[in-house]
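One structure is given below, encoded as structure tokens.
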Amino acid sequence: MAAAVVTFKDEFTSPVPAKRLFQAMILEVDTLLPKLLPQVFKSIETIQGDGGPVSIKKLNFVEGPGGAGLQFVKHKIESLDKESMSMSYTVIEGDPMLAKAEAIAVELRVEAAADGGSKGEHITTVTPKPGVEVKAEEAMAGKGMAMAVLNAVDAYLVNNPQAYA
């Protein structure tokens, strides 16, 4: 019997226009996150490719509790669509969940909201290794960090209306 795939989806809203939020949160993430969350991110670098599909990014974390006990995590970008403001990536190295998971896939979508801001969703799917059970609580370990990143970027853009305008 195959282990159950665990999927969770977070929806979010922001007063920031969708194009600005996507630009900052996805396209400029390498420079922006270490600046906004230096207690978490040491650096983010593209180690293969040009930042688009099939590129690999390495997120380097600070030591201690800020970095959630991680040294680094590598993501392979599967898709990046600036028109539809969406991206997907697969976690390929560094995440402790990979000891139990065959794959960890993440999708992010941002779209314009009727009020001039934006709305979107962040979907994570964890596919367990054969015979291994992954509890939802374990799979959601990265959820807090993802929401902290979104909140930090959102607050920065609200407080700096000229940024990524």
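In the structure tokens, the first chain shown is A, the next is B, and so on; residue numbers restart at 1 for each chain, and ligands run from 1 in the order shown.
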
query = Taking the backbone alone, and naming residues the way the document does, which bits of chain A are strand (DSSP E or B) by DSSP, as a ChimeraX atom specification?
reply = /A:6-14,41-48,56-61,72-81,86-93,101-112,118-128

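The neighbours of A:Lys82 here are the residues that come within 10 Å of it, using only C-alpha atoms and leaving out any residue fewer than 6 positions away in the same chain; they are A:Lys19, A:Phe22, A:Gln23, A:Ile26, A:Leu27.
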
Selected residue, from A:Leu59, A:Thr7, A:Ala101, A:Ser14, that lies nearest to A:Asp154 when counting only C-alpha atoms =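 For A:Asp154, the nearest of the candidates is A:Ser14.
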
message = Give me, as a PyMOL selection string, all polymer residues having an atom no more than 10 Å from A:Asp81, counting only C-alpha atoms and skipping those fewer than 4 positions away in the same chain.
response = chain A and resi 52-53+85-88+109

Write the selection just made, keeping all heavy atoms, as a CSV table (one decimal), in the first residue's frame?
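Written output follows (again_33.csv):
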```csv
chain,number,residue,atom,x,y,z
A,52,GLY,N,15.4,31.0,-14.3
A,52,GLY,CA,14.1,30.5,-14.9
A,52,GLY,C,14.0,29.0,-14.7
A,52,GLY,O,14.8,28.4,-13.9
A,53,PRO,N,13.1,28.3,-15.5
A,53,PRO,CA,12.9,26.9,-15.4
A,53,PRO,C,14.2,26.1,-15.5
A,53,PRO,O,15.1,26.5,-16.3
A,53,PRO,CB,11.9,26.6,-16.5
A,53,PRO,CG,11.2,27.8,-16.7
A,53,PRO,CD,12.2,29.0,-16.4
A,85,MET,N,1.9,35.0,-13.5
A,85,MET,CA,2.5,35.3,-12.1
A,85,MET,C,2.4,34.0,-11.3
A,85,MET,O,1.8,34.0,-10.2
A,85,MET,CB,1.8,36.4,-11.4
A,85,MET,CG,2.1,37.8,-12.1
A,85,MET,SD,1.3,39.2,-11.3
A,85,MET,CE,-0.4,39.0,-11.7
A,86,SER,N,3.0,33.0,-11.8
A,86,SER,CA,3.1,31.7,-11.1
A,86,SER,C,4.4,31.1,-11.2
A,86,SER,O,5.2,31.4,-12.2
A,86,SER,CB,2.0,30.7,-11.7
A,86,SER,OG,2.3,30.4,-13.0
A,87,MET,N,4.7,30.2,-10.3
A,87,MET,CA,6.0,29.4,-10.4
A,87,MET,C,5.8,28.1,-9.6
A,87,MET,O,4.9,28.0,-8.7
A,87,MET,CB,7.2,30.2,-9.8
A,87,MET,CG,7.2,30.2,-8.3
A,87,MET,SD,8.8,30.7,-7.6
A,87,MET,CE,10.0,29.6,-8.3
A,88,SER,N,6.6,27.2,-9.9
A,88,SER,CA,6.6,25.9,-9.2
A,88,SER,C,8.1,25.5,-9.0
A,88,SER,O,8.9,25.8,-9.9
A,88,SER,CB,5.8,24.9,-9.8
A,88,SER,OG,6.3,24.5,-11.1
A,109,ARG,N,1.1,31.0,-6.8
A,109,ARG,CA,0.3,31.8,-7.7
A,109,ARG,C,-0.1,33.1,-7.1
A,109,ARG,O,-0.5,33.2,-6.0
A,109,ARG,CB,-0.9,31.1,-8.2
A,109,ARG,CG,-0.7,29.9,-9.0
A,109,ARG,CD,-2.0,29.3,-9.6
A,109,ARG,NE,-1.7,27.9,-9.9
A,109,ARG,CZ,-2.1,26.9,-9.1
A,109,ARG,NH1,-2.9,27.1,-8.1
A,109,ARG,NH2,-1.9,25.7,-9.4
```

Within 10 Å of A:Ala4 using only C-alpha atoms, minus same-chain residues under 5 positions, as a PDB file with N, CA, C and O atoms, in the first residue's frame:
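Listing of out.pdb after writing:
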```pdb
ATOM      1  N   VAL A 126       3.771  16.844  -0.581  1.00  0.00           N
ATOM      2  CA  VAL A 126       4.849  15.958  -0.129  1.00  0.00           C
ATOM      3  C   VAL A 126       4.467  14.532  -0.513  1.00  0.00           C
ATOM      4  O   VAL A 126       3.424  14.032  -0.095  1.00  0.00           O
ATOM      5  N   THR A 127       5.321  13.904  -1.317  1.00  0.00           N
ATOM      6  CA  THR A 127       5.121  12.516  -1.724  1.00  0.00           C
ATOM      7  C   THR A 127       6.076  11.645  -0.905  1.00  0.00           C
ATOM      8  O   THR A 127       7.294  11.728  -1.094  1.00  0.00           O
ATOM      9  N   PRO A 128       5.548  10.832   0.009  1.00  0.00           N
ATOM     10  CA  PRO A 128       6.414  10.017   0.873  1.00  0.00           C
ATOM     11  C   PRO A 128       7.164   8.922   0.104  1.00  0.00           C
ATOM     12  O   PRO A 128       6.718   8.468  -0.950  1.00  0.00           O
ATOM     13  N   LYS A 129       8.277   8.518   0.671  1.00  0.00           N
ATOM     14  CA  LYS A 129       8.997   7.352   0.147  1.00  0.00           C
ATOM     15  C   LYS A 129       8.133   6.122   0.410  1.00  0.00           C
ATOM     16  O   LYS A 129       7.317   6.120   1.340  1.00  0.00           O
ATOM     17  N   PRO A 130       8.292   5.064  -0.398  1.00  0.00           N
ATOM     18  CA  PRO A 130       7.485   3.858  -0.207  1.00  0.00           C
ATOM     19  C   PRO A 130       7.587   3.328   1.226  1.00  0.00           C
ATOM     20  O   PRO A 130       8.681   3.233   1.783  1.00  0.00           O
ATOM     21  N   GLY A 131       6.431   3.045   1.799  1.00  0.00           N
ATOM     22  CA  GLY A 131       6.377   2.479   3.141  1.00  0.00           C
ATOM     23  C   GLY A 131       6.582   3.470   4.269  1.00  0.00           C
ATOM     24  O   GLY A 131       6.629   3.090   5.432  1.00  0.00           O
ATOM     25  N   VAL A 132       6.721   4.744   3.951  1.00  0.00           N
ATOM     26  CA  VAL A 132       6.955   5.762   4.970  1.00  0.00           C
ATOM     27  C   VAL A 132       5.718   6.640   5.090  1.00  0.00           C
ATOM     28  O   VAL A 132       5.160   7.085   4.094  1.00  0.00           O
ATOM     29  N   GLU A 133       5.287   6.868   6.309  1.00  0.00           N
ATOM     30  CA  GLU A 133       4.152   7.757   6.540  1.00  0.00           C
ATOM     31  C   GLU A 133       4.672   9.138   6.903  1.00  0.00           C
ATOM     32  O   GLU A 133       5.564   9.285   7.734  1.00  0.00           O
ATOM     33  N   VAL A 134       4.127  10.135   6.254  1.00  0.00           N
ATOM     34  CA  VAL A 134       4.451  11.516   6.582  1.00  0.00           C
ATOM     35  C   VAL A 134       3.191  12.132   7.178  1.00  0.00           C
ATOM     36  O   VAL A 134       2.145  12.154   6.545  1.00  0.00           O
ATOM     37  N   LYS A 135       3.313  12.582   8.404  1.00  0.00           N
ATOM     38  CA  LYS A 135       2.172  13.215   9.068  1.00  0.00           C
ATOM     39  C   LYS A 135       2.038  14.656   8.574  1.00  0.00           C
ATOM     40  O   LYS A 135       3.032  15.309   8.257  1.00  0.00           O
TER      41      LYS A 135
END
```

All residues 6 Å or closer to A:Ile104, only C-alpha atoms, same chain fewer than 3 positions away omitted, as a list of chain:residue names =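 Near neighbours after the sequence-gap exclusion: A:Thr90, A:Val91, A:Thr125, A:Val126.
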
Keeping only C-alpha atoms, write the selected residues as a CSV table (one decimal), in the first residue's frame.
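Saved as again09.csv:
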```
chain,number,residue,atom,x,y,z
A,90,THR,CA,10.9,21.0,-6.3
A,91,VAL,CA,13.0,20.8,-3.1
A,125,THR,CA,2.7,18.5,-1.9
A,126,VAL,CA,4.8,16.0,-0.1
```

query = Between A:Asp50, A:Phe12, A:Glu63, A:Met97, which is the closest to A:Leu80 once you count only C-alpha atoms?
reply =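 So, comparing all the options, the nearest one is A:Asp50.
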
inquiry  = Which residues are close to stretch 68-77 of chain A, i.e. within 12 Å by only C-alpha atoms, leaving aside same-chain residues fewer than 4 positions away? Reply as an NGL selection string.
reply    = :A and (26-27 or 39-64 or 81 or 86-98 or 103-108 or 141-145)

query = Looking only at the backbone, which of the residues in chain A does DSSP tag as helix (DSSP H, G or I), as a VMD selection string?
reply = chain A and resid 18 to 27 29 to 36 65 to 67 96 to 99 136 to 159

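Of the residues listed (A:Ala165, A:Met25, A:Val6, A:Leu32), A:Met25 shows the shortest atom-to-atom separation from A:Met147; distances use only C-alpha atoms.
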
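Between A:Ala24 and the residues A:Gln162, A:Ala113, A:Lys119, A:Leu157, the shortest atom-to-atom distance, using only C-alpha atoms, involves A:Leu157.
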
task = State, in Å with one decimal place, the distance from atom CA of A:Glu11 to atom CA of A:Val110.
result = 9.8 Å

I'd like the contact shell of A:Ser118 - 7 Å cut-off, only C-alpha atoms, skipping same-chain residues fewer than 3 positions apart - returned as a PDB file with all heavy atoms, in the first residue's frame.
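Printed below is selection.pdb as written:
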```pdb
ATOM      1  N   THR A  13      -3.924  37.193   0.958  1.00  0.00           N
ATOM      2  CA  THR A  13      -4.313  38.449   0.320  1.00  0.00           C
ATOM      3  C   THR A  13      -3.296  39.502   0.722  1.00  0.00           C
ATOM      4  O   THR A  13      -2.619  39.380   1.750  1.00  0.00           O
ATOM      5  CB  THR A  13      -5.722  38.911   0.744  1.00  0.00           C
ATOM      6  OG1 THR A  13      -5.741  39.080   2.154  1.00  0.00           O
ATOM      7  CG2 THR A  13      -6.784  37.906   0.320  1.00  0.00           C
ATOM      8  N   SER A  14      -3.200  40.521  -0.107  1.00  0.00           N
ATOM      9  CA  SER A  14      -2.257  41.600   0.156  1.00  0.00           C
ATOM     10  C   SER A  14      -2.812  42.890  -0.429  1.00  0.00           C
ATOM     11  O   SER A  14      -3.452  42.863  -1.478  1.00  0.00           O
ATOM     12  CB  SER A  14      -0.905  41.277  -0.499  1.00  0.00           C
ATOM     13  OG  SER A  14      -0.060  42.412  -0.459  1.00  0.00           O
ATOM     14  N   PRO A  15      -2.553  44.023   0.216  1.00  0.00           N
ATOM     15  CA  PRO A  15      -2.960  45.301  -0.367  1.00  0.00           C
ATOM     16  C   PRO A  15      -2.039  45.725  -1.520  1.00  0.00           C
ATOM     17  O   PRO A  15      -2.320  46.680  -2.228  1.00  0.00           O
ATOM     18  CB  PRO A  15      -2.860  46.277   0.811  1.00  0.00           C
ATOM     19  CG  PRO A  15      -1.819  45.687   1.696  1.00  0.00           C
ATOM     20  CD  PRO A  15      -1.961  44.191   1.542  1.00  0.00           C
ATOM     21  N   VAL A  16      -0.941  44.995  -1.707  1.00  0.00           N
ATOM     22  CA  VAL A  16       0.054  45.317  -2.730  1.00  0.00           C
ATOM     23  C   VAL A  16      -0.414  44.777  -4.086  1.00  0.00           C
ATOM     24  O   VAL A  16      -0.860  43.632  -4.173  1.00  0.00           O
ATOM     25  CB  VAL A  16       1.422  44.689  -2.350  1.00  0.00           C
ATOM     26  CG1 VAL A  16       2.457  44.927  -3.432  1.00  0.00           C
ATOM     27  CG2 VAL A  16       1.899  45.230  -1.006  1.00  0.00           C
ATOM     28  N   PRO A  17      -0.314  45.579  -5.154  1.00  0.00           N
ATOM     29  CA  PRO A  17      -0.680  45.088  -6.481  1.00  0.00           C
ATOM     30  C   PRO A  17       0.095  43.808  -6.838  1.00  0.00           C
ATOM     31  O   PRO A  17       1.261  43.645  -6.476  1.00  0.00           O
ATOM     32  CB  PRO A  17      -0.306  46.239  -7.414  1.00  0.00           C
ATOM     33  CG  PRO A  17      -0.394  47.465  -6.551  1.00  0.00           C
ATOM     34  CD  PRO A  17       0.077  46.996  -5.196  1.00  0.00           C
ATOM     35  N   ALA A  18      -0.567  42.921  -7.554  1.00  0.00           N
ATOM     36  CA  ALA A  18      -0.029  41.591  -7.849  1.00  0.00           C
ATOM     37  C   ALA A  18       1.332  41.627  -8.540  1.00  0.00           C
ATOM     38  O   ALA A  18       2.233  40.871  -8.177  1.00  0.00           O
ATOM     39  CB  ALA A  18      -1.037  40.801  -8.688  1.00  0.00           C
ATOM     40  N   VAL A 110       0.050  34.224  -7.871  1.00  0.00           N
ATOM     41  CA  VAL A 110      -0.401  35.540  -7.430  1.00  0.00           C
ATOM     42  C   VAL A 110      -1.293  36.094  -8.531  1.00  0.00           C
ATOM     43  O   VAL A 110      -0.997  35.941  -9.711  1.00  0.00           O
ATOM     44  CB  VAL A 110       0.796  36.502  -7.202  1.00  0.00           C
ATOM     45  CG1 VAL A 110       0.312  37.872  -6.766  1.00  0.00           C
ATOM     46  CG2 VAL A 110       1.777  35.927  -6.199  1.00  0.00           C
ATOM     47  N   GLU A 111      -2.388  36.726  -8.147  1.00  0.00           N
ATOM     48  CA  GLU A 111      -3.258  37.363  -9.136  1.00  0.00           C
ATOM     49  C   GLU A 111      -3.825  38.652  -8.566  1.00  0.00           C
ATOM     50  O   GLU A 111      -3.830  38.864  -7.347  1.00  0.00           O
ATOM     51  CB  GLU A 111      -4.374  36.427  -9.591  1.00  0.00           C
ATOM     52  CG  GLU A 111      -5.311  35.989  -8.500  1.00  0.00           C
ATOM     53  CD  GLU A 111      -6.321  34.955  -8.982  1.00  0.00           C
ATOM     54  OE1 GLU A 111      -5.913  33.866  -9.417  1.00  0.00           O
ATOM     55  OE2 GLU A 111      -7.528  35.266  -8.904  1.00  0.00           O
ATOM     56  N   ALA A 112      -4.284  39.501  -9.467  1.00  0.00           N
ATOM     57  CA  ALA A 112      -4.855  40.780  -9.057  1.00  0.00           C
ATOM     58  C   ALA A 112      -6.176  40.543  -8.336  1.00  0.00           C
ATOM     59  O   ALA A 112      -6.967  39.686  -8.727  1.00  0.00           O
ATOM     60  CB  ALA A 112      -5.071  41.664 -10.275  1.00  0.00           C
ATOM     61  N   ALA A 113      -6.390  41.321  -7.293  1.00  0.00           N
ATOM     62  CA  ALA A 113      -7.657  41.280  -6.557  1.00  0.00           C
ATOM     63  C   ALA A 113      -8.501  42.483  -6.987  1.00  0.00           C
ATOM     64  O   ALA A 113      -7.973  43.484  -7.475  1.00  0.00           O
ATOM     65  CB  ALA A 113      -7.404  41.312  -5.048  1.00  0.00           C
TER      66      ALA A 113
END
```
